[in-house]
Every structure is written in C-alpha cells, then in structure tokens.
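**Student:** File name input-v8.csv; file contents CSV, N, CA and C atoms and all ligand atoms; full text below.
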chain,number,residue,atom,x,y,z
S,1,MET,N,120.4,53.4,107.2
S,1,MET,CA,119.7,53.3,105.9
S,1,MET,C,118.9,54.5,105.8
S,2,PRO,N,119.1,55.3,104.7
S,2,PRO,CA,118.3,56.6,104.5
S,2,PRO,C,116.9,56.2,104.2
S,3,ALA,N,116.1,57.2,104.1
S,3,ALA,CA,114.7,57.0,103.8
S,3,ALA,C,114.5,56.4,102.4
S,4,ASP,N,113.4,55.8,102.1
S,4,ASP,CA,113.1,55.2,100.8
S,4,ASP,C,112.7,56.3,99.8
S,5,LEU,N,113.3,56.2,98.6
S,5,LEU,CA,113.0,57.3,97.7
S,5,LEU,C,111.5,57.3,97.2
S,6,GLU,N,111.0,56.1,97.0
S,6,GLU,CA,109.5,56.1,96.6
S,6,GLU,C,108.6,56.7,97.7
S,7,PHE,N,108.9,56.4,98.9
S,7,PHE,CA,108.2,56.9,100.0
S,7,PHE,C,108.3,58.5,100.0
S,8,CYS,N,109.5,59.0,99.8
S,8,CYS,CA,109.8,60.4,99.8
S,8,CYS,C,109.1,61.1,98.7
S,9,ASP,N,109.0,60.4,97.5
S,9,ASP,CA,108.2,61.0,96.4
S,9,ASP,C,106.8,61.3,96.8
S,10,GLU,N,106.2,60.3,97.5
S,10,GLU,CA,104.8,60.5,98.0
S,10,GLU,C,104.7,61.6,99.0
S,11,GLN,N,105.7,61.7,99.9
S,11,GLN,CA,105.7,62.7,100.9
S,11,GLN,C,105.8,64.1,100.3
S,12,VAL,N,106.7,64.2,99.3
S,12,VAL,CA,106.8,65.5,98.6
S,12,VAL,C,105.5,66.0,98.0
S,13,LEU,N,104.8,65.0,97.5
S,13,LEU,CA,103.5,65.3,96.8
S,13,LEU,C,102.6,66.1,97.8
S,14,ARG,N,102.7,65.8,99.1
S,14,ARG,CA,101.9,66.4,100.1
S,14,ARG,C,102.1,67.9,100.2
S,15,LEU,N,103.4,68.3,99.8
S,15,LEU,CA,103.7,69.7,99.8
S,15,LEU,C,102.8,70.5,98.8
S,16,ARG,N,102.1,69.9,98.0
S,16,ARG,CA,101.2,70.6,97.1
S,16,ARG,C,100.1,71.3,97.8
S,17,ALA,N,100.0,71.0,99.2
S,17,ALA,CA,99.0,71.7,100.0
S,17,ALA,C,99.4,73.2,100.0
S,18,PHE,N,100.7,73.5,99.8
S,18,PHE,CA,101.1,74.9,99.6
S,18,PHE,C,100.7,75.2,98.1
S,19,THR,N,99.7,76.1,97.9
S,19,THR,CA,99.2,76.4,96.6
S,19,THR,C,100.3,76.8,95.7
S,20,ALA,N,101.4,77.5,96.2
S,20,ALA,CA,102.4,78.0,95.3
S,20,ALA,C,103.6,77.0,95.1
S,21,PHE,N,103.4,75.8,95.7
S,21,PHE,CA,104.5,74.8,95.6
S,21,PHE,C,104.6,74.4,94.1
S,22,THR,N,105.8,74.0,93.7
S,22,THR,CA,106.0,73.7,92.3
S,22,THR,C,105.2,72.5,91.9
S,23,ARG,N,104.8,72.5,90.6
S,23,ARG,CA,104.2,71.3,90.0
S,23,ARG,C,105.1,70.7,89.0
S,24,ASP,N,106.3,71.2,89.0
S,24,ASP,CA,107.4,70.7,88.1
S,24,ASP,C,107.9,69.4,88.6
S,25,GLN,N,107.8,68.3,87.7
S,25,GLN,CA,108.3,67.0,88.1
S,25,GLN,C,109.7,67.0,88.5
S,26,ALA,N,110.6,67.7,87.7
S,26,ALA,CA,112.0,67.6,87.9
S,26,ALA,C,112.3,68.3,89.3
S,27,VAL,N,111.6,69.3,89.6
S,27,VAL,CA,111.9,70.0,90.9
S,27,VAL,C,111.4,69.2,92.0
S,28,MET,N,110.3,68.6,91.9
S,28,MET,CA,109.8,67.7,92.9
S,28,MET,C,110.7,66.5,93.1
S,29,ARG,N,111.3,66.1,92.1
S,29,ARG,CA,112.3,65.0,92.2
S,29,ARG,C,113.5,65.4,93.0
S,30,GLU,N,114.0,66.7,92.8
S,30,GLU,CA,115.0,67.2,93.7
S,30,GLU,C,114.6,67.2,95.1
S,31,PHE,N,113.4,67.6,95.4
S,31,PHE,CA,112.9,67.6,96.8
S,31,PHE,C,113.0,66.2,97.4
S,32,ALA,N,112.5,65.2,96.6
S,32,ALA,CA,112.4,63.8,97.0
S,32,ALA,C,113.8,63.3,97.3
S,33,ASP,N,114.7,63.6,96.3
S,33,ASP,CA,116.1,63.1,96.5
S,33,ASP,C,116.7,63.6,97.7
S,34,SER,N,116.6,64.9,98.0
S,34,SER,CA,117.2,65.5,99.2
S,34,SER,C,116.5,64.9,100.4
S,35,LEU,N,115.2,64.8,100.4
S,35,LEU,CA,114.5,64.3,101.6
S,35,LEU,C,115.0,62.9,101.9
S,36,ALA,N,115.1,62.1,100.8
S,36,ALA,CA,115.5,60.7,101.0
S,36,ALA,C,116.9,60.5,101.5
S,37,SER,N,117.8,61.3,101.0
S,37,SER,CA,119.2,61.2,101.3
S,37,SER,C,119.6,61.8,102.7
S,38,LYS,N,118.8,62.8,103.1
S,38,LYS,CA,119.1,63.4,104.4
S,38,LYS,C,118.3,62.9,105.6
S,39,SER,N,117.3,62.1,105.3
S,39,SER,CA,116.5,61.6,106.4
S,39,SER,C,117.0,60.2,106.8
S,40,ALA,N,117.1,59.9,108.1
S,40,ALA,CA,117.6,58.7,108.5
S,40,ALA,C,116.7,57.5,108.3
S,41,SER,N,115.4,57.8,108.1
S,41,SER,CA,114.4,56.8,108.0
S,41,SER,C,113.1,57.4,107.4
S,42,ASN,N,112.2,56.5,107.0
S,42,ASN,CA,110.9,57.0,106.4
S,42,ASN,C,110.2,57.8,107.5
S,43,THR,N,110.3,57.4,108.8
S,43,THR,CA,109.7,58.1,109.8
S,43,THR,C,110.1,59.6,109.9
S,44,VAL,N,111.5,59.7,109.8
S,44,VAL,CA,112.0,61.1,109.8
S,44,VAL,C,111.5,61.9,108.6
S,45,ALA,N,111.5,61.2,107.4
S,45,ALA,CA,111.1,61.9,106.2
S,45,ALA,C,109.6,62.4,106.3
S,46,ARG,N,108.8,61.5,106.9
S,46,ARG,CA,107.4,61.9,107.1
S,46,ARG,C,107.3,63.1,108.1
S,47,LYS,N,108.1,63.0,109.1
S,47,LYS,CA,108.0,64.1,110.1
S,47,LYS,C,108.4,65.4,109.5
S,48,VAL,N,109.5,65.4,108.7
S,48,VAL,CA,109.9,66.7,108.0
S,48,VAL,C,108.7,67.3,107.3
S,49,ILE,N,108.0,66.5,106.5
S,49,ILE,CA,106.9,67.0,105.7
S,49,ILE,C,105.8,67.4,106.6
S,50,ASP,N,105.5,66.6,107.7
S,50,ASP,CA,104.5,67.0,108.7
S,50,ASP,C,104.7,68.4,109.2
S,51,ASP,N,106.0,68.6,109.7
S,51,ASP,CA,106.4,69.8,110.3
S,51,ASP,C,106.3,71.0,109.3
S,52,LEU,N,106.7,70.8,108.1
S,52,LEU,CA,106.6,71.8,107.1
S,52,LEU,C,105.2,72.2,106.9
S,53,LEU,N,104.3,71.2,106.8
S,53,LEU,CA,102.9,71.5,106.5
S,53,LEU,C,102.3,72.2,107.7
S,54,GLU,N,102.7,71.9,108.9
S,54,GLU,CA,102.1,72.5,110.1
S,54,GLU,C,102.7,73.9,110.4
S,55,TYR,N,104.0,74.0,110.2
S,55,TYR,CA,104.6,75.2,110.8
S,55,TYR,C,105.2,76.2,109.7
S,56,SER,N,105.4,75.7,108.5
S,56,SER,CA,106.1,76.6,107.6
S,56,SER,C,105.1,77.7,107.1
S,57,VAL,N,105.5,78.9,107.2
S,57,VAL,CA,104.6,80.0,106.7
S,57,VAL,C,104.9,80.4,105.3
S,58,SER,N,106.0,79.9,104.7
S,58,SER,CA,106.3,80.2,103.3
S,58,SER,C,106.4,78.8,102.6
S,59,VAL,N,106.5,78.9,101.3
S,59,VAL,CA,106.6,77.7,100.5
S,59,VAL,C,108.0,77.1,100.8
S,60,PRO,N,108.0,75.8,101.2
S,60,PRO,CA,109.3,75.2,101.5
S,60,PRO,C,110.3,75.1,100.3
S,61,THR,N,111.6,75.2,100.6
S,61,THR,CA,112.6,75.1,99.6
S,61,THR,C,113.4,73.8,99.9
S,62,VAL,N,114.2,73.4,99.0
S,62,VAL,CA,115.0,72.2,99.2
S,62,VAL,C,115.9,72.4,100.4
S,63,ALA,N,116.4,73.7,100.6
S,63,ALA,CA,117.2,74.0,101.8
S,63,ALA,C,116.5,73.7,103.1
S,64,ASP,N,115.2,74.1,103.1
S,64,ASP,CA,114.4,73.8,104.3
S,64,ASP,C,114.3,72.3,104.6
S,65,ILE,N,114.1,71.5,103.5
S,65,ILE,CA,114.0,70.1,103.7
S,65,ILE,C,115.3,69.5,104.3
S,66,VAL,N,116.4,70.0,103.7
S,66,VAL,CA,117.7,69.5,104.1
S,66,VAL,C,118.0,69.8,105.6
S,67,ARG,N,117.7,71.1,105.9
S,67,ARG,CA,117.9,71.5,107.3
S,67,ARG,C,117.1,70.7,108.3
S,68,MET,N,115.8,70.6,108.0
S,68,MET,CA,114.9,69.9,108.9
S,68,MET,C,115.2,68.4,109.0
S,69,ALA,N,115.6,67.8,107.9
S,69,ALA,CA,115.9,66.4,107.9
S,69,ALA,C,117.1,66.2,108.8
S,70,ARG,N,118.1,67.1,108.7
S,70,ARG,CA,119.3,67.0,109.5
S,70,ARG,C,119.0,67.1,111.0
S,71,GLN,N,118.1,68.1,111.3
S,71,GLN,CA,117.8,68.3,112.7
S,71,GLN,C,117.1,67.1,113.2
S,72,ALA,N,116.2,66.5,112.4
S,72,ALA,CA,115.4,65.3,112.8
S,72,ALA,C,116.2,64.0,112.8
S,73,SER,N,117.4,64.1,112.2
S,73,SER,CA,118.3,62.9,112.2
S,73,SER,C,119.6,63.1,112.8
S,74,PRO,N,119.7,63.3,114.1
S,74,PRO,CA,120.9,63.7,114.8
S,74,PRO,C,122.1,62.7,114.5
S,75,ASP,N,121.7,61.5,114.3
S,75,ASP,CA,122.8,60.5,114.1
S,75,ASP,C,123.4,60.5,112.7
S,76,MET,N,122.8,61.4,111.8
S,76,MET,CA,123.3,61.5,110.5
S,76,MET,C,124.0,62.9,110.3
S,77,ALA,N,124.4,63.5,111.4
S,77,ALA,CA,124.9,64.9,111.3
S,77,ALA,C,126.1,65.0,110.4
S,78,GLY,N,127.1,64.1,110.6
S,78,GLY,CA,128.3,64.2,109.8
S,78,GLY,C,128.2,63.6,108.4
S,79,PRO,N,129.1,64.0,107.6
S,79,PRO,CA,129.0,63.5,106.2
S,79,PRO,C,129.1,62.0,106.1
S,80,ASP,N,129.9,61.4,107.0
S,80,ASP,CA,130.1,59.9,107.0
S,80,ASP,C,129.3,59.2,108.0
S,81,ALA,N,128.5,59.9,108.7
S,81,ALA,CA,127.8,59.4,109.9
S,81,ALA,C,126.9,58.2,109.5
S,82,ALA,N,126.4,58.2,108.2
S,82,ALA,CA,125.5,57.1,107.8
S,82,ALA,C,126.3,55.9,107.4
S,83,ALA,N,127.6,55.9,107.4
S,83,ALA,CA,128.4,54.7,107.1
S,83,ALA,C,128.2,53.7,108.1
S,84,PRO,N,128.1,52.4,107.7
S,84,PRO,CA,127.9,51.4,108.7
S,84,PRO,C,129.2,51.2,109.5
S,85,VAL,N,129.0,50.7,110.8
S,85,VAL,CA,130.1,50.5,111.6
S,85,VAL,C,131.0,49.4,111.0
S,86,LYS,N,132.3,49.7,110.9
S,86,LYS,CA,133.2,48.7,110.2
S,86,LYS,C,133.6,47.6,111.2
S,87,CYS,N,133.8,48.0,112.5
S,87,CYS,CA,134.3,47.0,113.5
S,87,CYS,C,133.3,46.9,114.6
S,88,THR,N,132.8,45.7,114.7
S,88,THR,CA,131.8,45.5,115.8
S,88,THR,C,132.4,45.3,117.1
S,89,VAL,N,133.8,45.1,117.2
S,89,VAL,CA,134.4,44.9,118.5
S,89,VAL,C,134.5,46.3,119.2
S,90,CYS,N,135.1,47.3,118.5
S,90,CYS,CA,135.3,48.6,119.1
S,90,CYS,C,134.3,49.6,118.7
S,91,LEU,N,133.4,49.2,117.8
S,91,LEU,CA,132.4,50.2,117.2
S,91,LEU,C,133.1,51.4,116.6
S,92,ASP,N,134.2,51.1,115.9
S,92,ASP,CA,135.0,52.1,115.3
S,92,ASP,C,135.6,53.2,116.2
S,93,ASP,N,135.7,52.8,117.5
S,93,ASP,CA,136.3,53.6,118.5
S,93,ASP,C,137.8,53.5,118.5
S,94,GLY,N,138.3,52.3,118.1
S,94,GLY,CA,139.7,52.0,118.0
S,94,GLY,C,140.2,51.3,119.2
S,95,TYR,N,139.4,51.3,120.3
S,95,TYR,CA,139.9,50.7,121.5
S,95,TYR,C,138.8,49.6,121.9
S,96,MET,N,139.3,48.5,122.4
S,96,MET,CA,138.4,47.5,122.9
S,96,MET,C,138.6,47.3,124.4
S,97,PRO,N,137.5,46.9,125.1
S,97,PRO,CA,137.7,46.7,126.6
S,97,PRO,C,138.4,45.4,126.8
S,98,VAL,N,139.3,45.4,127.8
S,98,VAL,CA,140.0,44.1,128.2
S,98,VAL,C,140.0,44.1,129.7
S,99,THR,N,140.2,43.0,130.2
S,99,THR,CA,140.4,42.8,131.7
S,99,THR,C,141.8,42.4,132.0
S,100,ARG,N,142.5,43.3,132.7
S,100,ARG,CA,143.9,43.0,133.1
S,100,ARG,C,144.1,42.9,134.6
S,101,GLY,N,144.4,41.7,135.1
S,101,GLY,CA,144.6,41.6,136.5
S,101,GLY,C,143.3,42.0,137.3
S,102,GLY,N,142.2,41.7,136.7
S,102,GLY,CA,140.9,42.0,137.4
S,102,GLY,C,140.4,43.4,137.2
S,103,TYR,N,141.2,44.2,136.4
S,103,TYR,CA,140.8,45.6,136.2
S,103,TYR,C,140.3,45.8,134.7
S,104,GLU,N,139.2,46.5,134.6
S,104,GLU,CA,138.8,46.8,133.3
S,104,GLU,C,139.6,47.9,132.7
S,105,CYS,N,140.2,47.7,131.5
S,105,CYS,CA,140.9,48.8,130.8
S,105,CYS,C,140.7,48.6,129.3
S,106,SER,N,141.3,49.4,128.5
S,106,SER,CA,141.1,49.3,127.1
S,106,SER,C,142.4,49.2,126.4
S,107,GLU,N,142.5,48.5,125.3
S,107,GLU,CA,143.7,48.5,124.5
S,107,GLU,C,143.3,48.7,123.0
S,108,PRO,N,144.3,49.1,122.2
S,108,PRO,CA,143.9,49.2,120.7
S,108,PRO,C,143.3,47.9,120.2
S,109,CYS,N,142.3,48.1,119.4
S,109,CYS,CA,141.6,47.0,118.8
S,109,CYS,C,142.4,46.3,117.7
S,110,GLN,N,142.0,45.1,117.3
S,110,GLN,CA,142.7,44.4,116.3
S,110,GLN,C,142.4,44.9,114.9
S,111,CYS,N,141.4,45.8,114.8
S,111,CYS,CA,141.0,46.2,113.4
S,111,CYS,C,141.9,47.3,112.9
S,112,GLU,N,141.6,47.7,111.6
S,112,GLU,CA,142.5,48.7,110.9
S,112,GLU,C,142.7,49.9,111.8
S,113,LEU,N,141.6,50.5,112.3
S,113,LEU,CA,141.7,51.7,113.1
S,113,LEU,C,142.6,51.4,114.4
S,114,GLY,N,142.3,50.3,115.1
S,114,GLY,CA,143.1,49.9,116.3
S,114,GLY,C,144.6,49.8,116.0
S,115,ARG,N,144.9,49.2,114.8
S,115,ARG,CA,146.3,49.0,114.5
S,115,ARG,C,147.0,50.4,114.2
S,116,LYS,N,146.2,51.3,113.6
S,116,LYS,CA,146.8,52.6,113.4
S,116,LYS,C,147.1,53.3,114.8
S,117,ILE,N,146.1,53.2,115.7
S,117,ILE,CA,146.3,53.8,117.0
S,117,ILE,C,147.5,53.1,117.7
S,118,ALA,N,147.6,51.8,117.6
S,118,ALA,CA,148.7,51.1,118.2
S,118,ALA,C,150.1,51.6,117.7
S,119,LYS,N,150.1,51.9,116.4
S,119,LYS,CA,151.4,52.4,115.8
S,119,LYS,C,151.6,53.8,116.1
S,120,GLY,N,150.7,54.5,116.7
S,120,GLY,CA,150.8,55.9,117.0
S,120,GLY,C,150.6,56.8,115.7
S,121,ALA,N,150.0,56.2,114.7
S,121,ALA,CA,149.8,57.0,113.5
S,121,ALA,C,148.6,58.0,113.7
S,122,PRO,N,148.7,59.1,113.1
S,122,PRO,CA,147.6,60.1,113.2
S,122,PRO,C,146.3,59.4,112.7
S,123,VAL,N,145.2,59.6,113.5
S,123,VAL,CA,143.9,59.0,113.2
S,123,VAL,C,142.9,60.1,113.0
S,124,GLU,N,142.2,60.0,111.9
S,124,GLU,CA,141.1,61.0,111.8
S,124,GLU,C,139.9,60.6,112.7
S,125,VAL,N,139.4,61.6,113.4
S,125,VAL,CA,138.3,61.3,114.3
S,125,VAL,C,137.1,61.9,113.7
S,201,ZN,ZN,138.0,47.7,116.1
Mind turning the file's structure into structure tokens?
**Tutor:**
Amino acid sequence: MPADLEFCDEQVLRLRAFTAFTRDQAVMREFADSLASKSASNTVARKVIDDLLEYSVSVPTVADIVRMARQASPDMAGPDAAAPVKCTVCLDDGYMPVTRGGYECSEPCQCELGRKIAKGAPVEV
C-alpha cells in the first residue's frame, strides 16, 4: 500500500522551508502525487521529506522526490513490485515445497504461474 495522499500533501507543505520552493498549488499537487505513489508507506514519505530538508542544498524537484522515495522503498523497486502477492502458496515463485520420500523438494504450484511452469511455457520473471 503506497503512502496516503493526504499525508503526502502535508509533507510537501514542509518543503516550503526552502524559500524558493513553489507556492503553486498545482505543482505542489504533482509533488504530493509522486511522493504518495513512489513511497511504500507514510513512514517512507516522511523520511523522504526529512532527508530533503536536512541534506538537500538546492530546491528539491519532483525527480528528487521520486529518486529518494525509490531508494527508501527497496521493495517497490520494480514497476509491478507493489502488486499484491497473487498466490499465497508459492508467493508467486511458481514452485511450492513438497516432501517426497522424506526429502524436501519443490514442484510447480497449482496456481496460474505454477501451471505455466509445469507446461514449460515461457514465464516472465
Ligand atoms: Zn502458486
């Protein structure tokens, strides 16, 4: 679940500590949208703004927000990384652990991805 947009609105307002930061509502909305969609949580969003206030020597841009939110949200690195896990058995790995003759091994899961693997179809990783 990305960060809360209302929360990010408030966080972006803190950037007014930079005297040259925009006072334009539409631009601030852009900042808040980017912050909310790229941060994994409100905690991450707050940290991004904290870091900008503490370390940034120039007026932050939307690109700065996006980059820092990504760095602070490693589990959201990929474009689809925020998607919920579809299969709780294999955690979208495609293989589930099984015990065969006392040995732990794995076999294709019963889910959509597991069936694709079982058929030998190409699978996007
Ligand atoms: Zn599965």
**Student:** Select the residues contacting ligand ZN 201 (chain S) at a distance of at most 8 Å, based on only C-alpha atoms and all ligand atoms, then format the selection as a list in words.
**Tutor:**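 Listing the residues within 8 Å of ligand ZN 201 (chain S) gives Lys86, Cys87, Thr88, Val89, Cys90, Leu91, Asp92, Asp93, Gly94, Tyr95, Met96, Pro108, Cys109, Gln110, Cys111, Glu112, Leu113 and Gly114 of chain S.
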**Student:** How would the residues just chosen look if you wrote them out with N, CA and C atoms as an mmCIF file, keeping the file's coordinate frame?
**Tutor:**
data_model
loop_
_atom_site.group_PDB
_atom_site.id
_atom_site.type_symbol
_atom_site.label_atom_id
_atom_site.label_comp_id
_atom_site.auth_asym_id
_atom_site.auth_seq_id
_atom_site.Cartn_x
_atom_site.Cartn_y
_atom_site.Cartn_z
ATOM 1 N N LYS S 86 132.300 49.700 110.900
ATOM 2 C CA LYS S 86 133.200 48.700 110.200
ATOM 3 C C LYS S 86 133.600 47.600 111.200
ATOM 4 N N CYS S 87 133.800 48.000 112.500
ATOM 5 C CA CYS S 87 134.300 47.000 113.500
ATOM 6 C C CYS S 87 133.300 46.900 114.600
ATOM 7 N N THR S 88 132.800 45.700 114.700
ATOM 8 C CA THR S 88 131.800 45.500 115.800
ATOM 9 C C THR S 88 132.400 45.300 117.100
ATOM 10 N N VAL S 89 133.800 45.100 117.200
ATOM 11 C CA VAL S 89 134.400 44.900 118.500
ATOM 12 C C VAL S 89 134.500 46.300 119.200
ATOM 13 N N CYS S 90 135.100 47.300 118.500
ATOM 14 C CA CYS S 90 135.300 48.600 119.100
ATOM 15 C C CYS S 90 134.300 49.600 118.700
ATOM 16 N N LEU S 91 133.400 49.200 117.800
ATOM 17 C CA LEU S 91 132.400 50.200 117.200
ATOM 18 C C LEU S 91 133.100 51.400 116.600
ATOM 19 N N ASP S 92 134.200 51.100 115.900
ATOM 20 C CA ASP S 92 135.000 52.100 115.300
ATOM 21 C C ASP S 92 135.600 53.200 116.200
ATOM 22 N N ASP S 93 135.700 52.800 117.500
ATOM 23 C CA ASP S 93 136.300 53.600 118.500
ATOM 24 C C ASP S 93 137.800 53.500 118.500
ATOM 25 N N GLY S 94 138.300 52.300 118.100
ATOM 26 C CA GLY S 94 139.700 52.000 118.000
ATOM 27 C C GLY S 94 140.200 51.300 119.200
ATOM 28 N N TYR S 95 139.400 51.300 120.300
ATOM 29 C CA TYR S 95 139.900 50.700 121.500
ATOM 30 C C TYR S 95 138.800 49.600 121.900
ATOM 31 N N MET S 96 139.300 48.500 122.400
ATOM 32 C CA MET S 96 138.400 47.500 122.900
ATOM 33 C C MET S 96 138.600 47.300 124.400
ATOM 34 N N PRO S 108 144.300 49.100 122.200
ATOM 35 C CA PRO S 108 143.900 49.200 120.700
ATOM 36 C C PRO S 108 143.300 47.900 120.200
ATOM 37 N N CYS S 109 142.300 48.100 119.400
ATOM 38 C CA CYS S 109 141.600 47.000 118.800
ATOM 39 C C CYS S 109 142.400 46.300 117.700
ATOM 40 N N GLN S 110 142.000 45.100 117.300
ATOM 41 C CA GLN S 110 142.700 44.400 116.300
ATOM 42 C C GLN S 110 142.400 44.900 114.900
ATOM 43 N N CYS S 111 141.400 45.800 114.800
ATOM 44 C CA CYS S 111 141.000 46.200 113.400
ATOM 45 C C CYS S 111 141.900 47.300 112.900
ATOM 46 N N GLU S 112 141.600 47.700 111.600
ATOM 47 C CA GLU S 112 142.500 48.700 110.900
ATOM 48 C C GLU S 112 142.700 49.900 111.800
ATOM 49 N N LEU S 113 141.600 50.500 112.300
ATOM 50 C CA LEU S 113 141.700 51.700 113.100
ATOM 51 C C LEU S 113 142.600 51.400 114.400
ATOM 52 N N GLY S 114 142.300 50.300 115.100
ATOM 53 C CA GLY S 114 143.100 49.900 116.300
ATOM 54 C C GLY S 114 144.600 49.800 116.000
#
**Student:** Apply DSSP to the backbone of this structure and, from chain S, keep only the residues in alpha helix (DSSP H); write these as JSON, numbers by chain.
**Tutor:** {"S": [5, 6, 7, 8, 9, 10, 11, 12, 13, 25, 26, 27, 28, 29, 30, 31, 32, 33, 34, 35, 36, 37, 38, 42, 43, 44, 45, 46, 47, 48, 49, 50, 51, 52, 53, 54, 55, 62, 63, 64, 65, 66, 67, 68, 69, 70, 71, 72, 112, 113, 114, 115, 116, 117, 118, 119]}
**Student:** Have a look at CA of Asp9 (chain S) and atom N of Pro84 (chain S) and let me know their distance in Å, one decimal.
**Tutor:**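 Between CA of Asp9 (chain S) and atom N of Pro84 (chain S) the gap is 24.4 Å.
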**Student:** What does the distance from atom C of Gly101 (chain S) to atom N of Ala121 (chain S) come to in Å, to one decimal?
**Tutor:**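 Interatomic distance, atom C of Gly101 (chain S) to atom N of Ala121 (chain S): 27.5 Å.
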**Student:** Could you work out how far CA of Val85 (chain S) lies from atom N of Phe31 (chain S), giving the answer in Å with one decimal?
**Tutor:**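 Rounded to one decimal, the two atoms are 28.9 Å apart.
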**Student:** Can you write out as JSON lines which residues of region 51-122 of chain S fall within 8 Å of region 12-23 of chain S, alongside each residue's closest atom pair and its distance in Å to one decimal, counting only N, CA and C atoms and ordering rows by chain and ascending residue number?
**Tutor:**
{"residue": "S:Leu52", "atom": "C", "partner": "S:Leu15", "partner_atom": "CA", "distance": 7.7}
{"residue": "S:Leu53", "atom": "CA", "partner": "S:Leu15", "partner_atom": "CA", "distance": 7.0}
{"residue": "S:Ser58", "atom": "C", "partner": "S:Phe18", "partner_atom": "CA", "distance": 7.2}
{"residue": "S:Val59", "atom": "CA", "partner": "S:Phe21", "partner_atom": "CA", "distance": 6.1}
{"residue": "S:Pro60", "atom": "N", "partner": "S:Phe21", "partner_atom": "CA", "distance": 6.7}
**Student:** Name the residues of chain S that come out as strand (DSSP E) in a backbone DSSP run; write them as a PyMOL selection string.
**Tutor:** chain S and resi 95-100+103-108
**Student:** With N, CA and C atoms retained, export the selected residues as a JSON list (two decimals), in the frame of the given file.
**Tutor:**
[["chain", "number", "residue", "atom", "x", "y", "z"],
["S", 95, "TYR", "N", 139.40, 51.30, 120.30],
["S", 95, "TYR", "CA", 139.90, 50.70, 121.50],
["S", 95, "TYR", "C", 138.80, 49.60, 121.90],
["S", 96, "MET", "N", 139.30, 48.50, 122.40],
["S", 96, "MET", "CA", 138.40, 47.50, 122.90],
["S", 96, "MET", "C", 138.60, 47.30, 124.40],
["S", 97, "PRO", "N", 137.50, 46.90, 125.10],
["S", 97, "PRO", "CA", 137.70, 46.70, 126.60],
["S", 97, "PRO", "C", 138.40, 45.40, 126.80],
["S", 98, "VAL", "N", 139.30, 45.40, 127.80],
["S", 98, "VAL", "CA", 140.00, 44.10, 128.20],
["S", 98, "VAL", "C", 140.00, 44.10, 129.70],
["S", 99, "THR", "N", 140.20, 43.00, 130.20],
["S", 99, "THR", "CA", 140.40, 42.80, 131.70],
["S", 99, "THR", "C", 141.80, 42.40, 132.00],
["S", 100, "ARG", "N", 142.50, 43.30, 132.70],
["S", 100, "ARG", "CA", 143.90, 43.00, 133.10],
["S", 100, "ARG", "C", 144.10, 42.90, 134.60],
["S", 103, "TYR", "N", 141.20, 44.20, 136.40],
["S", 103, "TYR", "CA", 140.80, 45.60, 136.20],
["S", 103, "TYR", "C", 140.30, 45.80, 134.70],
["S", 104, "GLU", "N", 139.20, 46.50, 134.60],
["S", 104, "GLU", "CA", 138.80, 46.80, 133.30],
["S", 104, "GLU", "C", 139.60, 47.90, 132.70],
["S", 105, "CYS", "N", 140.20, 47.70, 131.50],
["S", 105, "CYS", "CA", 140.90, 48.80, 130.80],
["S", 105, "CYS", "C", 140.70, 48.60, 129.30],
["S", 106, "SER", "N", 141.30, 49.40, 128.50],
["S", 106, "SER", "CA", 141.10, 49.30, 127.10],
["S", 106, "SER", "C", 142.40, 49.20, 126.40],
["S", 107, "GLU", "N", 142.50, 48.50, 125.30],
["S", 107, "GLU", "CA", 143.70, 48.50, 124.50],
["S", 107, "GLU", "C", 143.30, 48.70, 123.00],
["S", 108, "PRO", "N", 144.30, 49.10, 122.20],
["S", 108, "PRO", "CA", 143.90, 49.20, 120.70],
["S", 108, "PRO", "C", 143.30, 47.90, 120.20]]
**Student:** Using only N, CA and C atoms, can you tell me which of S:Ser106, S:Gln25, S:Ser34, S:Thr43 comes closest to Ile65 (chain S)?
**Tutor:**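 Using only N, CA and C atoms, Ile65 (chain S) sits closest to S:Ser34.
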